[in-house]
Structures are given as structure tokens and as C-alpha cells.
$ cat work.cif   # mmCIF, C-alpha atoms
data_target
#
loop_
_atom_site.label_atom_id
_atom_site.label_comp_id
_atom_site.auth_asym_id
_atom_site.auth_seq_id
_atom_site.Cartn_x
_atom_site.Cartn_y
_atom_site.Cartn_z
CA MET A 390 -16.43 11.50 -1.83
CA ARG A 391 -13.05 9.82 -1.53
CA LYS A 392 -10.64 9.43 -4.44
CA ILE A 393 -8.80 6.10 -4.32
CA LEU A 394 -6.58 5.39 -7.29
CA PHE A 395 -6.32 1.84 -8.61
CA SER A 396 -2.51 2.08 -8.46
CA ARG A 397 -0.24 4.49 -6.58
CA VAL A 398 3.55 4.46 -6.95
CA ASP A 399 5.63 4.81 -3.79
CA CYS A 400 8.93 6.64 -4.39
CA SER A 401 9.49 7.65 -0.77
CA GLY A 402 12.93 6.08 -0.43
CA ASN A 403 16.28 6.84 -2.05
CA GLU A 404 14.96 7.17 -5.61
CA SER A 405 15.77 10.88 -5.94
CA LEU A 406 19.20 10.47 -4.36
CA TYR A 407 20.25 7.61 -6.62
CA VAL A 408 18.91 9.29 -9.77
CA GLN A 409 20.84 12.44 -8.86
CA GLN A 410 23.98 10.33 -8.49
CA VAL A 411 23.48 9.11 -12.05
CA LEU A 412 22.93 12.63 -13.35
CA ASP A 413 26.03 13.85 -11.53
CA SER A 414 28.09 11.01 -12.97
CA GLY A 415 27.41 12.14 -16.52
CA TRP A 416 26.76 8.53 -17.52
CA LEU A 417 23.03 7.99 -18.09
CA THR A 418 22.89 4.77 -20.08
CA THR A 419 23.71 1.24 -18.88
CA ALA A 420 26.57 1.39 -16.39
CA SER A 421 27.38 0.77 -12.73
CA LYS A 422 23.82 1.17 -11.36
CA ALA A 423 22.43 -1.41 -13.77
CA HIS A 424 25.23 -3.81 -12.89
CA GLU A 425 24.59 -3.24 -9.17
CA LEU A 426 20.87 -3.88 -9.64
CA GLU A 427 21.66 -7.15 -11.42
CA LYS A 428 23.98 -8.23 -8.62
CA LYS A 429 21.51 -7.49 -5.84
CA PHE A 430 18.59 -9.04 -7.72
CA SER A 431 20.62 -12.20 -8.27
CA GLU A 432 21.43 -12.36 -4.56
CA ILE A 433 17.78 -12.00 -3.55
CA THR A 434 16.37 -14.57 -5.99
CA GLY A 435 19.26 -16.99 -5.67
CA ALA A 436 19.64 -17.16 -9.44
CA LYS A 437 23.14 -17.45 -10.86
CA HIS A 438 22.55 -14.78 -13.49
CA ALA A 439 20.38 -11.64 -13.56
CA CYS A 440 20.20 -9.53 -16.73
CA ALA A 441 18.58 -6.07 -16.59
CA VAL A 442 16.51 -5.09 -19.63
CA ASN A 443 14.09 -2.34 -20.63
CA SER A 444 10.87 -4.34 -20.15
CA CYS A 445 9.50 -7.73 -19.22
CA THR A 446 8.42 -8.09 -22.85
CA SER A 447 12.07 -7.75 -23.87
CA ALA A 448 13.02 -10.35 -21.27
CA LEU A 449 10.42 -12.80 -22.60
CA HIS A 450 11.61 -12.27 -26.18
CA LEU A 451 15.24 -12.78 -25.18
CA ALA A 452 14.35 -15.85 -23.12
CA LEU A 453 12.53 -17.63 -25.92
CA GLU A 454 15.24 -16.76 -28.42
CA ALA A 455 17.96 -17.98 -26.06
CA VAL A 456 16.34 -21.39 -25.54
CA GLY A 457 16.10 -21.88 -29.28
CA VAL A 458 12.50 -21.06 -30.17
CA GLY A 459 12.27 -20.17 -33.85
CA ALA A 460 10.11 -20.18 -36.95
CA GLY A 461 7.66 -23.05 -37.08
CA ASP A 462 7.95 -23.97 -33.41
CA THR A 463 5.03 -24.05 -30.99
CA VAL A 464 4.93 -22.64 -27.46
CA LEU A 465 2.31 -23.35 -24.79
CA VAL A 466 0.87 -20.24 -23.11
CA PRO A 467 -2.23 -19.52 -21.00
CA THR A 468 -5.02 -17.48 -22.52
CA TRP A 469 -5.29 -15.64 -19.19
CA THR A 470 -2.43 -13.20 -19.52
CA PHE A 471 -1.32 -9.90 -21.04
CA THR A 472 -0.54 -10.01 -24.74
CA ALA A 473 3.23 -9.76 -24.15
CA SER A 474 3.31 -13.40 -23.03
CA ALA A 475 2.12 -14.49 -26.48
CA GLU A 476 3.26 -11.74 -28.83
CA VAL A 477 6.93 -12.52 -28.22
CA ILE A 478 6.30 -16.01 -29.58
CA ARG A 479 5.15 -14.43 -32.82
CA TYR A 480 8.25 -12.18 -32.91
CA LEU A 481 10.24 -15.37 -33.52
CA GLY A 482 7.90 -16.80 -36.15
CA ALA A 483 6.61 -19.44 -33.75
CA ASP A 484 2.99 -20.10 -32.84
CA PRO A 485 1.31 -20.00 -29.43
CA ILE A 486 -0.91 -22.85 -28.31
CA PHE A 487 -3.39 -21.32 -25.88
CA LEU A 488 -4.41 -23.11 -22.70
CA ASP A 489 -7.34 -22.69 -20.33
CA VAL A 490 -6.60 -21.87 -16.69
CA GLU A 491 -7.82 -22.98 -13.29
CA TYR A 492 -10.83 -21.15 -11.87
CA GLY A 493 -9.87 -19.34 -8.67
CA THR A 494 -6.14 -18.97 -9.30
CA CYS A 495 -6.51 -17.79 -12.92
CA ALA A 496 -3.31 -19.71 -13.63
CA LEU A 497 -2.08 -22.96 -15.12
CA SER A 498 -2.35 -25.87 -12.72
CA PRO A 499 0.09 -28.80 -12.77
CA GLU A 500 -2.70 -30.94 -14.22
CA ILE A 501 -3.35 -28.49 -17.08
CA ILE A 502 0.36 -28.25 -17.86
CA LYS A 503 0.91 -32.01 -17.91
CA LYS A 504 -2.07 -32.61 -20.18
CA ALA A 505 -0.98 -29.83 -22.56
CA VAL A 506 2.58 -31.17 -22.81
CA GLU A 507 1.32 -34.69 -23.46
CA ASN A 508 -1.15 -33.47 -26.10
CA ASN A 509 1.45 -31.30 -27.85
CA PRO A 510 4.58 -33.47 -28.12
CA ASN A 511 6.30 -31.02 -30.47
CA ALA A 512 5.97 -27.99 -28.17
CA LYS A 513 9.34 -26.31 -27.74
CA ALA A 514 8.57 -24.26 -24.64
CA LEU A 515 5.98 -23.42 -22.01
CA VAL A 516 5.27 -19.90 -20.75
CA VAL A 517 4.05 -20.13 -17.15
CA VAL A 518 2.34 -16.93 -15.96
CA HIS A 519 2.39 -16.37 -12.20
CA PHE A 520 -0.88 -14.48 -11.99
CA ALA A 521 -1.50 -11.75 -9.41
CA GLY A 522 1.67 -12.57 -7.48
CA GLN A 523 0.94 -16.21 -6.68
CA ALA A 524 3.51 -18.61 -8.10
CA THR A 525 2.47 -21.78 -9.89
CA SER A 526 4.18 -24.83 -8.45
CA LEU A 527 7.00 -26.04 -10.70
CA GLY A 528 8.84 -28.01 -8.04
CA ASN A 529 9.57 -31.67 -7.90
CA ARG A 530 7.06 -32.69 -5.29
CA GLU A 531 5.53 -36.05 -6.15
CA GLU A 532 2.12 -34.55 -6.94
CA ASP A 533 3.57 -31.82 -9.17
CA GLY A 534 7.05 -32.33 -10.56
CA ILE A 535 6.39 -29.93 -13.44
CA ALA A 536 9.99 -28.84 -13.94
CA GLU A 537 11.22 -32.43 -14.19
CA PHE A 538 8.21 -33.48 -16.28
CA CYS A 539 8.78 -30.70 -18.84
CA SER A 540 12.50 -31.43 -18.96
CA GLU A 541 11.80 -35.09 -19.73
CA HIS A 542 9.58 -33.99 -22.62
CA GLY A 543 12.10 -31.48 -23.99
CA VAL A 544 9.96 -28.47 -23.08
CA LYS A 545 11.76 -25.38 -21.78
CA ILE A 546 9.97 -23.45 -19.01
CA ILE A 547 9.85 -19.68 -19.34
CA GLU A 548 8.33 -18.06 -16.26
CA ASP A 549 6.42 -14.84 -16.82
CA ALA A 550 6.85 -13.38 -13.35
CA ALA A 551 5.68 -9.87 -14.20
CA HIS A 552 3.38 -10.09 -11.15
CA ALA A 553 5.56 -12.22 -8.93
CA PHE A 554 8.36 -10.38 -7.20
CA PRO A 555 9.08 -11.11 -4.47
CA ALA A 556 7.29 -14.45 -4.41
CA SER A 557 8.15 -18.02 -3.47
CA VAL A 558 6.76 -21.50 -3.98
CA ASP A 559 7.88 -24.90 -2.66
CA SER A 560 10.57 -23.14 -0.58
CA GLU A 561 12.15 -21.64 -3.72
CA MET A 562 12.23 -17.99 -4.72
CA VAL A 563 10.62 -17.22 -8.08
CA GLY A 564 13.54 -16.51 -10.37
CA ASN A 565 15.45 -19.61 -9.34
CA ILE A 566 13.09 -22.38 -10.49
CA GLY A 567 12.39 -22.66 -14.24
CA ASP A 568 14.84 -22.45 -17.14
CA VAL A 569 14.40 -18.68 -17.45
CA THR A 570 12.33 -16.19 -15.43
CA CYS A 571 11.18 -12.76 -16.61
CA PHE A 572 10.17 -9.90 -14.29
CA SER A 573 8.48 -6.57 -14.93
CA PHE A 574 9.43 -3.26 -13.34
CA TYR A 575 6.67 -1.29 -15.04
CA ALA A 576 5.27 1.71 -13.15
CA ASN A 577 2.42 -0.19 -11.46
CA LYS A 578 4.40 -3.29 -10.47
CA THR A 579 5.51 -4.39 -7.00
CA MET A 580 8.81 -2.62 -7.65
CA THR A 581 9.44 -0.23 -10.51
CA THR A 582 12.18 1.31 -12.58
CA GLY A 583 9.64 3.40 -14.49
CA GLU A 584 10.05 1.09 -17.47
CA GLY A 585 12.21 -1.99 -17.17
CA GLY A 586 12.54 -5.67 -16.44
CA MET A 587 14.90 -8.42 -15.36
CA LEU A 588 15.72 -11.88 -16.66
CA THR A 589 17.15 -14.54 -14.35
CA THR A 590 18.57 -17.96 -15.14
CA ASN A 591 20.97 -20.57 -13.81
CA ASP A 592 21.95 -21.59 -17.35
CA ASP A 593 25.33 -20.14 -18.35
CA ALA A 594 24.65 -20.50 -22.08
CA VAL A 595 21.27 -18.77 -21.83
CA ALA A 596 22.77 -15.91 -19.83
CA GLN A 597 25.60 -15.48 -22.33
CA ARG A 598 23.16 -15.38 -25.24
CA VAL A 599 20.81 -12.93 -23.49
CA LYS A 600 23.65 -10.54 -22.63
CA LEU A 601 24.81 -10.64 -26.24
CA MET A 602 21.39 -10.17 -27.82
CA ARG A 603 20.06 -7.47 -25.50
CA LEU A 604 22.47 -4.91 -27.02
CA HIS A 605 22.72 -5.34 -30.80
CA GLY A 606 24.70 -8.58 -30.64
CA ILE A 607 27.82 -6.63 -29.64
CA ASP A 608 30.50 -8.67 -27.90
CA ARG A 609 31.22 -5.92 -25.32
CA ASP A 610 28.62 -3.82 -23.52
CA VAL A 611 29.10 -0.05 -23.44
CA TRP A 612 30.12 0.12 -19.78
CA GLY A 613 32.65 -2.64 -20.27
CA ARG A 614 34.12 -0.92 -23.32
CA PHE A 615 34.83 2.19 -21.30
CA THR A 616 36.07 0.55 -18.10
CA ASP A 617 38.59 -2.00 -19.34
CA ASP A 618 42.00 -1.55 -20.93
CA LYS A 619 40.96 -2.42 -24.47
CA SER A 620 40.18 0.46 -26.86
CA SER A 621 36.63 1.66 -26.20
CA TRP A 622 35.77 1.96 -29.88
CA GLU A 623 36.71 -1.62 -30.71
CA TYR A 624 33.98 -4.26 -30.70
CA ASP A 625 32.55 -7.00 -32.86
CA ILE A 626 29.01 -7.95 -33.91
CA LEU A 627 28.36 -11.61 -33.26
CA ALA A 628 24.62 -11.73 -34.04
CA PRO A 629 21.80 -9.42 -35.22
CA GLY A 630 20.65 -8.48 -31.73
CA PHE A 631 18.13 -6.10 -30.21
CA LYS A 632 18.13 -2.84 -28.23
CA TYR A 633 16.90 -4.02 -24.85
CA ASN A 634 19.38 -2.68 -22.28
CA MET A 635 18.31 -0.85 -19.10
CA PRO A 636 19.68 2.71 -18.64
CA ASP A 637 21.27 3.64 -15.33
CA ILE A 638 18.58 6.24 -14.55
CA ASN A 639 16.01 3.44 -14.50
CA ALA A 640 18.32 1.14 -12.55
CA ALA A 641 18.84 3.87 -9.93
CA ILE A 642 15.10 3.93 -9.26
CA GLY A 643 15.10 0.14 -9.10
CA LEU A 644 17.88 0.04 -6.52
CA ALA A 645 15.89 2.31 -4.22
CA GLN A 646 12.75 0.23 -4.75
CA LEU A 647 14.64 -2.98 -4.07
CA GLU A 648 15.66 -1.68 -0.64
CA ARG A 649 11.98 -1.60 0.43
CA VAL A 650 10.55 -4.44 -1.62
CA PHE A 651 9.89 -6.85 1.26
CA ASP A 652 8.34 -4.16 3.48
CA SER A 653 6.15 -3.18 0.54
CA ARG A 654 5.14 -6.81 0.01
CA GLN A 655 4.15 -7.06 3.67
CA SER A 656 1.96 -3.97 3.35
CA ARG A 657 0.19 -5.41 0.32
CA GLN A 658 -0.36 -8.66 2.20
CA GLN A 659 -2.11 -6.70 4.94
CA CYS A 660 -4.39 -5.21 2.28
CA ALA A 661 -5.14 -8.67 0.92
CA GLU A 662 -5.90 -10.05 4.37
CA TYR A 663 -8.27 -7.14 4.99
CA TYR A 664 -10.14 -7.93 1.77
CA MET A 665 -10.24 -11.66 2.47
CA THR A 666 -11.74 -11.03 5.91
CA ASN A 667 -14.14 -8.22 5.10
CA LEU A 668 -15.47 -9.47 1.77
CA SER A 669 -15.88 -13.12 2.72
CA ASP A 670 -19.55 -12.68 3.62
CA ILE A 671 -20.57 -11.38 0.17
CA THR A 672 -21.87 -14.58 -1.37
CA CYS A 673 -21.94 -13.25 -4.93
CA ILE A 674 -18.16 -12.69 -4.88
CA ASP A 675 -15.60 -15.44 -5.37
CA LEU A 676 -12.37 -14.39 -3.68
CA PRO A 677 -9.02 -15.53 -5.15
CA LEU A 678 -7.99 -19.10 -4.44
CA ILE A 679 -4.68 -18.98 -2.57
CA ARG A 680 -2.52 -22.11 -2.76
CA VAL A 681 0.63 -20.74 -1.13
CA PRO A 682 1.28 -19.28 2.32
CA TYR A 683 0.32 -15.61 2.36
CA GLU A 684 3.92 -14.59 3.00
CA ASP A 685 5.02 -16.35 -0.23
CA HIS A 686 2.58 -14.32 -2.35
CA ALA A 687 3.72 -11.06 -3.99
CA TRP A 688 0.16 -9.62 -3.89
CA HIS A 689 0.48 -7.53 -7.06
CA VAL A 690 -3.19 -7.88 -8.02
CA PHE A 691 -6.26 -8.63 -5.92
CA SER A 692 -8.86 -9.95 -8.35
CA ILE A 693 -12.39 -10.88 -7.32
CA THR A 694 -14.99 -12.58 -9.52
CA LEU A 695 -18.73 -11.95 -9.49
CA ASN A 696 -20.47 -15.31 -9.65
CA SER A 697 -23.94 -16.35 -10.81
CA LYS A 698 -25.55 -15.02 -7.60
CA ALA A 699 -24.71 -11.42 -8.51
CA LYS A 700 -27.69 -9.26 -9.50
CA ILE A 701 -25.54 -6.75 -11.39
CA ASP A 702 -22.77 -7.42 -13.86
CA ARG A 703 -19.09 -6.63 -13.60
CA ASN A 704 -19.17 -3.60 -15.89
CA ARG A 705 -21.98 -1.98 -13.92
CA LEU A 706 -20.17 -2.60 -10.63
CA ILE A 707 -17.05 -0.94 -12.03
CA GLU A 708 -19.15 2.09 -12.99
CA LEU A 709 -20.72 2.29 -9.54
CA LEU A 710 -17.37 2.08 -7.78
CA ALA A 711 -15.98 4.75 -10.11
CA SER A 712 -18.85 7.01 -9.08
CA ASP A 713 -17.75 6.37 -5.48
CA GLY A 714 -14.22 7.51 -6.38
CA ILE A 715 -12.74 4.00 -6.35
CA GLY A 716 -10.44 2.98 -9.18
CA THR A 717 -10.54 -0.62 -10.40
CA SER A 718 -9.24 -2.61 -13.35
CA VAL A 719 -9.77 -5.94 -15.13
CA HIS A 720 -7.07 -8.62 -15.31
CA TYR A 721 -7.65 -9.79 -18.04
CA LYS A 722 -9.68 -9.91 -21.16
CA PRO A 723 -8.33 -13.34 -22.21
CA LEU A 724 -6.25 -13.56 -25.37
CA HIS A 725 -8.64 -15.94 -27.12
CA ARG A 726 -11.08 -12.99 -27.21
CA MET A 727 -8.55 -10.61 -28.79
CA SER A 728 -9.10 -10.12 -32.52
CA TYR A 729 -5.61 -11.00 -33.71
CA TYR A 730 -5.33 -14.30 -31.83
CA LYS A 731 -8.98 -15.23 -32.25
CA GLU A 732 -8.88 -14.80 -36.01
CA ARG A 733 -5.39 -16.15 -36.71
CA TYR A 734 -5.83 -19.30 -34.63
CA ASN A 735 -9.60 -19.76 -35.00
CA LEU A 736 -10.16 -19.63 -31.25
CA SER A 737 -13.62 -20.03 -29.76
CA PRO A 738 -14.77 -19.30 -26.19
CA GLU A 739 -15.97 -22.89 -25.77
CA LYS A 740 -12.35 -24.08 -25.74
CA PHE A 741 -11.67 -22.05 -22.59
CA PRO A 742 -14.56 -22.63 -20.16
CA ASN A 743 -12.76 -21.55 -16.98
CA ALA A 744 -11.29 -18.43 -18.53
CA GLU A 745 -14.73 -17.54 -19.88
CA LEU A 746 -16.31 -17.95 -16.46
CA ILE A 747 -13.66 -15.74 -14.88
CA TRP A 748 -13.84 -13.15 -17.66
CA LYS A 749 -17.55 -12.58 -17.22
CA GLY A 750 -17.17 -11.48 -13.61
CA CYS A 751 -13.58 -10.55 -12.80
CA MET A 752 -12.35 -7.19 -11.55
CA SER A 753 -9.27 -6.05 -9.66
CA LEU A 754 -9.36 -3.92 -6.51
CA PRO A 755 -6.70 -1.43 -5.39
CA ILE A 756 -3.77 -3.05 -3.56
CA TYR A 757 -0.55 -1.19 -2.83
CA SER A 758 1.72 -0.38 0.07
CA SER A 759 0.32 3.09 0.80
CA LEU A 760 -3.33 1.99 0.84
CA ASN A 761 -4.52 2.68 4.38
CA GLU A 762 -7.17 1.01 6.54
CA GLY A 763 -9.62 3.85 6.08
CA GLU A 764 -9.44 3.46 2.32
CA LEU A 765 -9.75 -0.31 2.56
CA SER A 766 -12.77 0.05 4.83
CA TYR A 767 -14.42 2.43 2.37
CA ILE A 768 -13.81 0.08 -0.58
CA CYS A 769 -15.34 -2.86 1.29
CA GLU A 770 -18.26 -0.76 2.53
CA ARG A 771 -19.13 0.33 -1.02
CA LEU A 772 -18.86 -3.23 -2.30
CA HIS A 773 -21.27 -4.36 0.40
CA PHE A 774 -23.62 -1.49 -0.45
CA HIS A 775 -23.71 -2.30 -4.16
CA LEU A 776 -23.87 -6.08 -3.84
CA ASP A 777 -25.80 -6.85 -0.66
CA GLU A 778 -29.47 -7.70 -1.32
CA LYS A 779 -29.24 -6.62 -4.96
#

$ encode --input "work.cif" --output "C-alpha cells"
Amino acid sequence: MRKILFSRVDCSGNESLYVQQVLDSGWLTTASKAHELEKKFSEITGAKHACAVNSCTSALHLALEAVGVGAGDTVLVPTWTFTASAEVIRYLGADPIFLDVEYGTCALSPEIIKKAVENNPNAKALVVVHFAGQATSLGNREEDGIAEFCSEHGVKIIEDAAHAFPASVDSEMVGNIGDVTCFSFYANKTMTTGEGGMLTTNDDAVAQRVKLMRLHGIDRDVWGRFTDDKSSWEYDILAPGFKYNMPDINAAIGLAQLERVFDSRQSRQQCAEYYMTNLSDITCIDLPLIRVPYEDHAWHVFSITLNSKAKIDRNRLIELLASDGIGTSVHYKPLHRMSYYKERYNLSPEKFPNAELIWKGCMSLPIYSSLNEGELSYICERLHFHLDEK
């Protein structure tokens, strides 16, 4: 029996070399490597500012705080996401308004966003989650125009791009579209720093606020205090900030990952294409709906959904694949089903028909750069075995 992990980290590049450079420097916290990672990330995305932090959750918190979300405000957010997208709203004393998603993409569509903004005129911000690596269109095409539409209604767009690097939509790189974009570099993401994240923005005021608040509200970061002419011990506290900076050890890993990020994306695309071709004849599976060119997709997650034709349920299929040595996951149990949100906001499944339909049958298959054709063939063969004529 084979053993195919759901996720497998690739650290086959310069990770060890760059980490050793940090260790040899004697400076392990935020310093030159983090600044270099910010510079290179900004160049790739096209965003004016890139701010390295210790998680995507931190980036989301900083983003909402920087655009002025506070106690009593409301923020639109899809139910189909990880809790971080919503919990940061509660950090600030604001309340999430949960939205259903489109079946197939598991994401907010332009139509869903426009209706939600119109129905919630007091909403301060919108969290757009780019699910699985496919970016939601926020451009100004006549049929979409979400960025302009939200701006006209006073709604700030915060992009949760934890799944979406490197990804593009409407000829724009994710990270250079909405008001603020937040990326994850968690261990299973398309590039990793072990733990970490990045915030990008073209707004000077937002960037200034984020850089202040990510490190205790101090007016000078540690690296700057020790590399300029002013006394290193002297600084001021301008606001009660947070502890969200990225250490150089993590940034060193990220720099090595960034060097291979587009090659890695191409490898994941090949995995996705293999699945799309070799699973297309299983009628009880709905494959993901892809609205962008394959090369614009980050391919972080490959989620399939068992439909009403399936003779076994999702949980049983997961068990059977596990017995075959194939790791899988579920993205996600929607937030309206989580106890805290369900009870606090009196959420019922009937309010989220598409998310409910997806939830009943969704499961994610392995997809990563080192997954080889033999492993892909085995995964597809076992899916056919368990689902054909059942």
C-alpha cells in the first residue's frame, strides 16, 4: 500500500543556506532578511507596500484595524472560510455578517457581493476569500466592477489571499487589487516561512499604520533602531500595538521559497490538470468550477464535491481513501455551523443553501509540487474503484 500525505513541504532549495546565514549573523529577529522578503514580494505582486508579519491572521487583524474597523461596525465575510477571516472582526469589537457562496467556486461571486453591499448599507468592510487559489474578480470590467462598486458604497475590500499566491485575475496580480491583501505562509501553503504572512497595499496611510501597529506601536522597528545614527535605545510609543513582526529565521525560509514559487505553481497546475482529466468521467463528483485561466490559479487546494448521485457519503470516502494510504482533508466546515458563530449570531443552515450543499460532499485531494504522476494515478484509480458503480 502506498502512503501519500495530504500535504508535503518542499524545502529543496536555499532554505538551509539562508537560515544558516541568519544564525551566523547573530541577529535572529526581524532584520535584513525580512526587509528583503518584503522588497521582493512587493516587486512580484506590484503592490507599493509589503509588510511581513507572523501570520495571515495577524495581517487580517492589522488590515481591518488600519482601514478603521472598530467596535459596533459590521464586516461582510463568506461563511466558506477558515475562522481567521471572521475572528479578527471580533478582535476589534465589530460583527461579521456571513454570506453564502457560489456552488463550484466556493467563493463570493460579484453578484453575491453586490447584493450584500446593497442590503447592508452600514457595512464598513468586505473580506473577500480567494478560495483554493482562484481569485475572485474585483476588477472594473463592466460585468463586475466590484472594486469600484464597493468604493462608491464606502466599503473597504480586504482580500484574504491565504490560498492565492501566486495568483492573478483580470490581468492583475493578487496583492495589487483591493485596498489591502493578506497572504499566509503557513507550513502547508504554496510558499512557507514555517509560520508567517504578508500584507500588501497601495495605500500609504494603511501601510504606515500597519508598520506601526505590528510591533507594539513603536515608532522605530528594531532593525532600524540598530542601523541608523540615532541612539538604539530611544523610541516612542504612538499607539497600543501588537506583536506581529516576522523574525529573520522565518523570512530566510521565505526567500528561498520565493525563488521557486512559480515553478512550484506550475507543478501544482499539472496535478490539477491530471485530476480534471482523469476524474471527469466520475458522474457523482463535481469538479471545481474554474473561472480563470489555469496559469492564473495558485492551485493551493483541489476540492471535489460528491453530488446526489454518490452512493456513499463524504466521510466514508475519506475513510476508504485513508485505508488506501491516501491523505485528504475538508475545506471547510462552514462558519455558520461552528458553535460560536451559530449561537452568537443565530445562524441557520437554511440561510446558506450553496454552502450547505458543498459541505455535505466536499473533500480536498493532495496537490503539491512533489506529487508525482504515479501517485496521482493511484489516487484517481482508488477514487474510481470506490465510486464507480457504487

$ residues_near_point --input "work.cif" --point "(6.7, -11.8, -5.1)" --cutoff "6 Å" --atoms "only C-alpha atoms" --output "PyMOL selection string"
chain A and resi 522+553-556+686-687

$ atom_distance --input "work.cif" --atom1 "atom CA of Lys428 of chain A" --atom2 "atom CA of Leu588 of chain A"
12.1 Å

$ atom_distance --input "work.cif" --atom1 "atom CA of Tyr729 of chain A" --atom2 "atom CA of Val477 of chain A"
13.8 Å

$ residues_around --input "work.cif" --residues "Ala514 of chain A" --least-positions-apart "2" --cutoff "9 Å" --atoms "only C-alpha atoms" --output "list of chain:residue names"
A:Leu453, A:Val456, A:Val458, A:Asp462, A:Thr463, A:Val464, A:Leu465, A:Val466, A:Ala512, A:Val516, A:Cys539, A:Gly543, A:Val544, A:Lys545, A:Ile546, A:Ile547

$ write_last_selection --input "work.cif" --atoms "C-alpha atoms" --output "PDB file, in the frame of the given file"
ATOM      1  CA  LEU A 453      12.530 -17.630 -25.920  1.00  0.00           C
ATOM      2  CA  VAL A 456      16.340 -21.390 -25.540  1.00  0.00           C
ATOM      3  CA  VAL A 458      12.500 -21.060 -30.170  1.00  0.00           C
ATOM      4  CA  ASP A 462       7.950 -23.970 -33.410  1.00  0.00           C
ATOM      5  CA  THR A 463       5.030 -24.050 -30.990  1.00  0.00           C
ATOM      6  CA  VAL A 464       4.930 -22.640 -27.460  1.00  0.00           C
ATOM      7  CA  LEU A 465       2.310 -23.350 -24.790  1.00  0.00           C
ATOM      8  CA  VAL A 466       0.870 -20.240 -23.110  1.00  0.00           C
ATOM      9  CA  ALA A 512       5.970 -27.990 -28.170  1.00  0.00           C
ATOM     10  CA  VAL A 516       5.270 -19.900 -20.750  1.00  0.00           C
ATOM     11  CA  CYS A 539       8.780 -30.700 -18.840  1.00  0.00           C
ATOM     12  CA  GLY A 543      12.100 -31.480 -23.990  1.00  0.00           C
ATOM     13  CA  VAL A 544       9.960 -28.470 -23.080  1.00  0.00           C
ATOM     14  CA  LYS A 545      11.760 -25.380 -21.780  1.00  0.00           C
ATOM     15  CA  ILE A 546       9.970 -23.450 -19.010  1.00  0.00           C
ATOM     16  CA  ILE A 547       9.850 -19.680 -19.340  1.00  0.00           C
TER      17      ILE A 547
END

$ resolve_selection --input "work.cif" --expression "the PyMOL selection byres ((chain A and resi 551) around 9)" --output "list in words"
Cys445, Val518, His519, Phe520, Ala521, Gly522, Glu548, Asp549, Ala550, His552, Ala553, Phe554, Cys571, Phe572, Ser573, Phe574, Tyr575, Lys578 and Gly586 of chain A

$ write_last_selection --input "work.cif" --atoms "C-alpha atoms" --output "PDB file, in the coordinates of the input"
ATOM      1  CA  CYS A 445       9.500  -7.730 -19.220  1.00  0.00           C
ATOM      2  CA  VAL A 518       2.340 -16.930 -15.960  1.00  0.00           C
ATOM      3  CA  HIS A 519       2.390 -16.370 -12.200  1.00  0.00           C
ATOM      4  CA  PHE A 520      -0.880 -14.480 -11.990  1.00  0.00           C
ATOM      5  CA  ALA A 521      -1.500 -11.750  -9.410  1.00  0.00           C
ATOM      6  CA  GLY A 522       1.670 -12.570  -7.480  1.00  0.00           C
ATOM      7  CA  GLU A 548       8.330 -18.060 -16.260  1.00  0.00           C
ATOM      8  CA  ASP A 549       6.420 -14.840 -16.820  1.00  0.00           C
ATOM      9  CA  ALA A 550       6.850 -13.380 -13.350  1.00  0.00           C
ATOM     10  CA  HIS A 552       3.380 -10.090 -11.150  1.00  0.00           C
ATOM     11  CA  ALA A 553       5.560 -12.220  -8.930  1.00  0.00           C
ATOM     12  CA  PHE A 554       8.360 -10.380  -7.200  1.00  0.00           C
ATOM     13  CA  CYS A 571      11.180 -12.760 -16.610  1.00  0.00           C
ATOM     14  CA  PHE A 572      10.170  -9.900 -14.290  1.00  0.00           C
ATOM     15  CA  SER A 573       8.480  -6.570 -14.930  1.00  0.00           C
ATOM     16  CA  PHE A 574       9.430  -3.260 -13.340  1.00  0.00           C
ATOM     17  CA  TYR A 575       6.670  -1.290 -15.040  1.00  0.00           C
ATOM     18  CA  LYS A 578       4.400  -3.290 -10.470  1.00  0.00           C
ATOM     19  CA  GLY A 586      12.540  -5.670 -16.440  1.00  0.00           C
TER      20      GLY A 586
END

$ resolve_selection --input "work.cif" --expression "the PyMOL selection byres ((chain A and resi 760) around 10)" --output "ChimeraX atom specification"
/A:393-397,656-657,659-660,755-759,761-765

$ closest_residue --input "work.cif" --among "A:Gly534, A:Ile674, A:Glu427, A:Met665" --to "Pro499 of chain A" --atoms "only C-alpha atoms"
A:Gly534

$ resolve_selection --input "work.cif" --expression "the PyMOL selection byres ((chain A and resi 698) around 12)" --output "PDB file with C-alpha atoms, in the coordinates of the input"
ATOM      1  CA  ILE A 671     -20.570 -11.380   0.170  1.00  0.00           C
ATOM      2  CA  THR A 672     -21.870 -14.580  -1.370  1.00  0.00           C
ATOM      3  CA  CYS A 673     -21.940 -13.250  -4.930  1.00  0.00           C
ATOM      4  CA  ILE A 674     -18.160 -12.690  -4.880  1.00  0.00           C
ATOM      5  CA  ASP A 675     -15.600 -15.440  -5.370  1.00  0.00           C
ATOM      6  CA  THR A 694     -14.990 -12.580  -9.520  1.00  0.00           C
ATOM      7  CA  LEU A 695     -18.730 -11.950  -9.490  1.00  0.00           C
ATOM      8  CA  ASN A 696     -20.470 -15.310  -9.650  1.00  0.00           C
ATOM      9  CA  SER A 697     -23.940 -16.350 -10.810  1.00  0.00           C
ATOM     10  CA  ALA A 699     -24.710 -11.420  -8.510  1.00  0.00           C
ATOM     11  CA  LYS A 700     -27.690  -9.260  -9.500  1.00  0.00           C
ATOM     12  CA  ILE A 701     -25.540  -6.750 -11.390  1.00  0.00           C
ATOM     13  CA  ASP A 702     -22.770  -7.420 -13.860  1.00  0.00           C
ATOM     14  CA  GLY A 750     -17.170 -11.480 -13.610  1.00  0.00           C
ATOM     15  CA  LEU A 776     -23.870  -6.080  -3.840  1.00  0.00           C
ATOM     16  CA  ASP A 777     -25.800  -6.850  -0.660  1.00  0.00           C
ATOM     17  CA  GLU A 778     -29.470  -7.700  -1.320  1.00  0.00           C
ATOM     18  CA  LYS A 779     -29.240  -6.620  -4.960  1.00  0.00           C
TER      19      LYS A 779
END
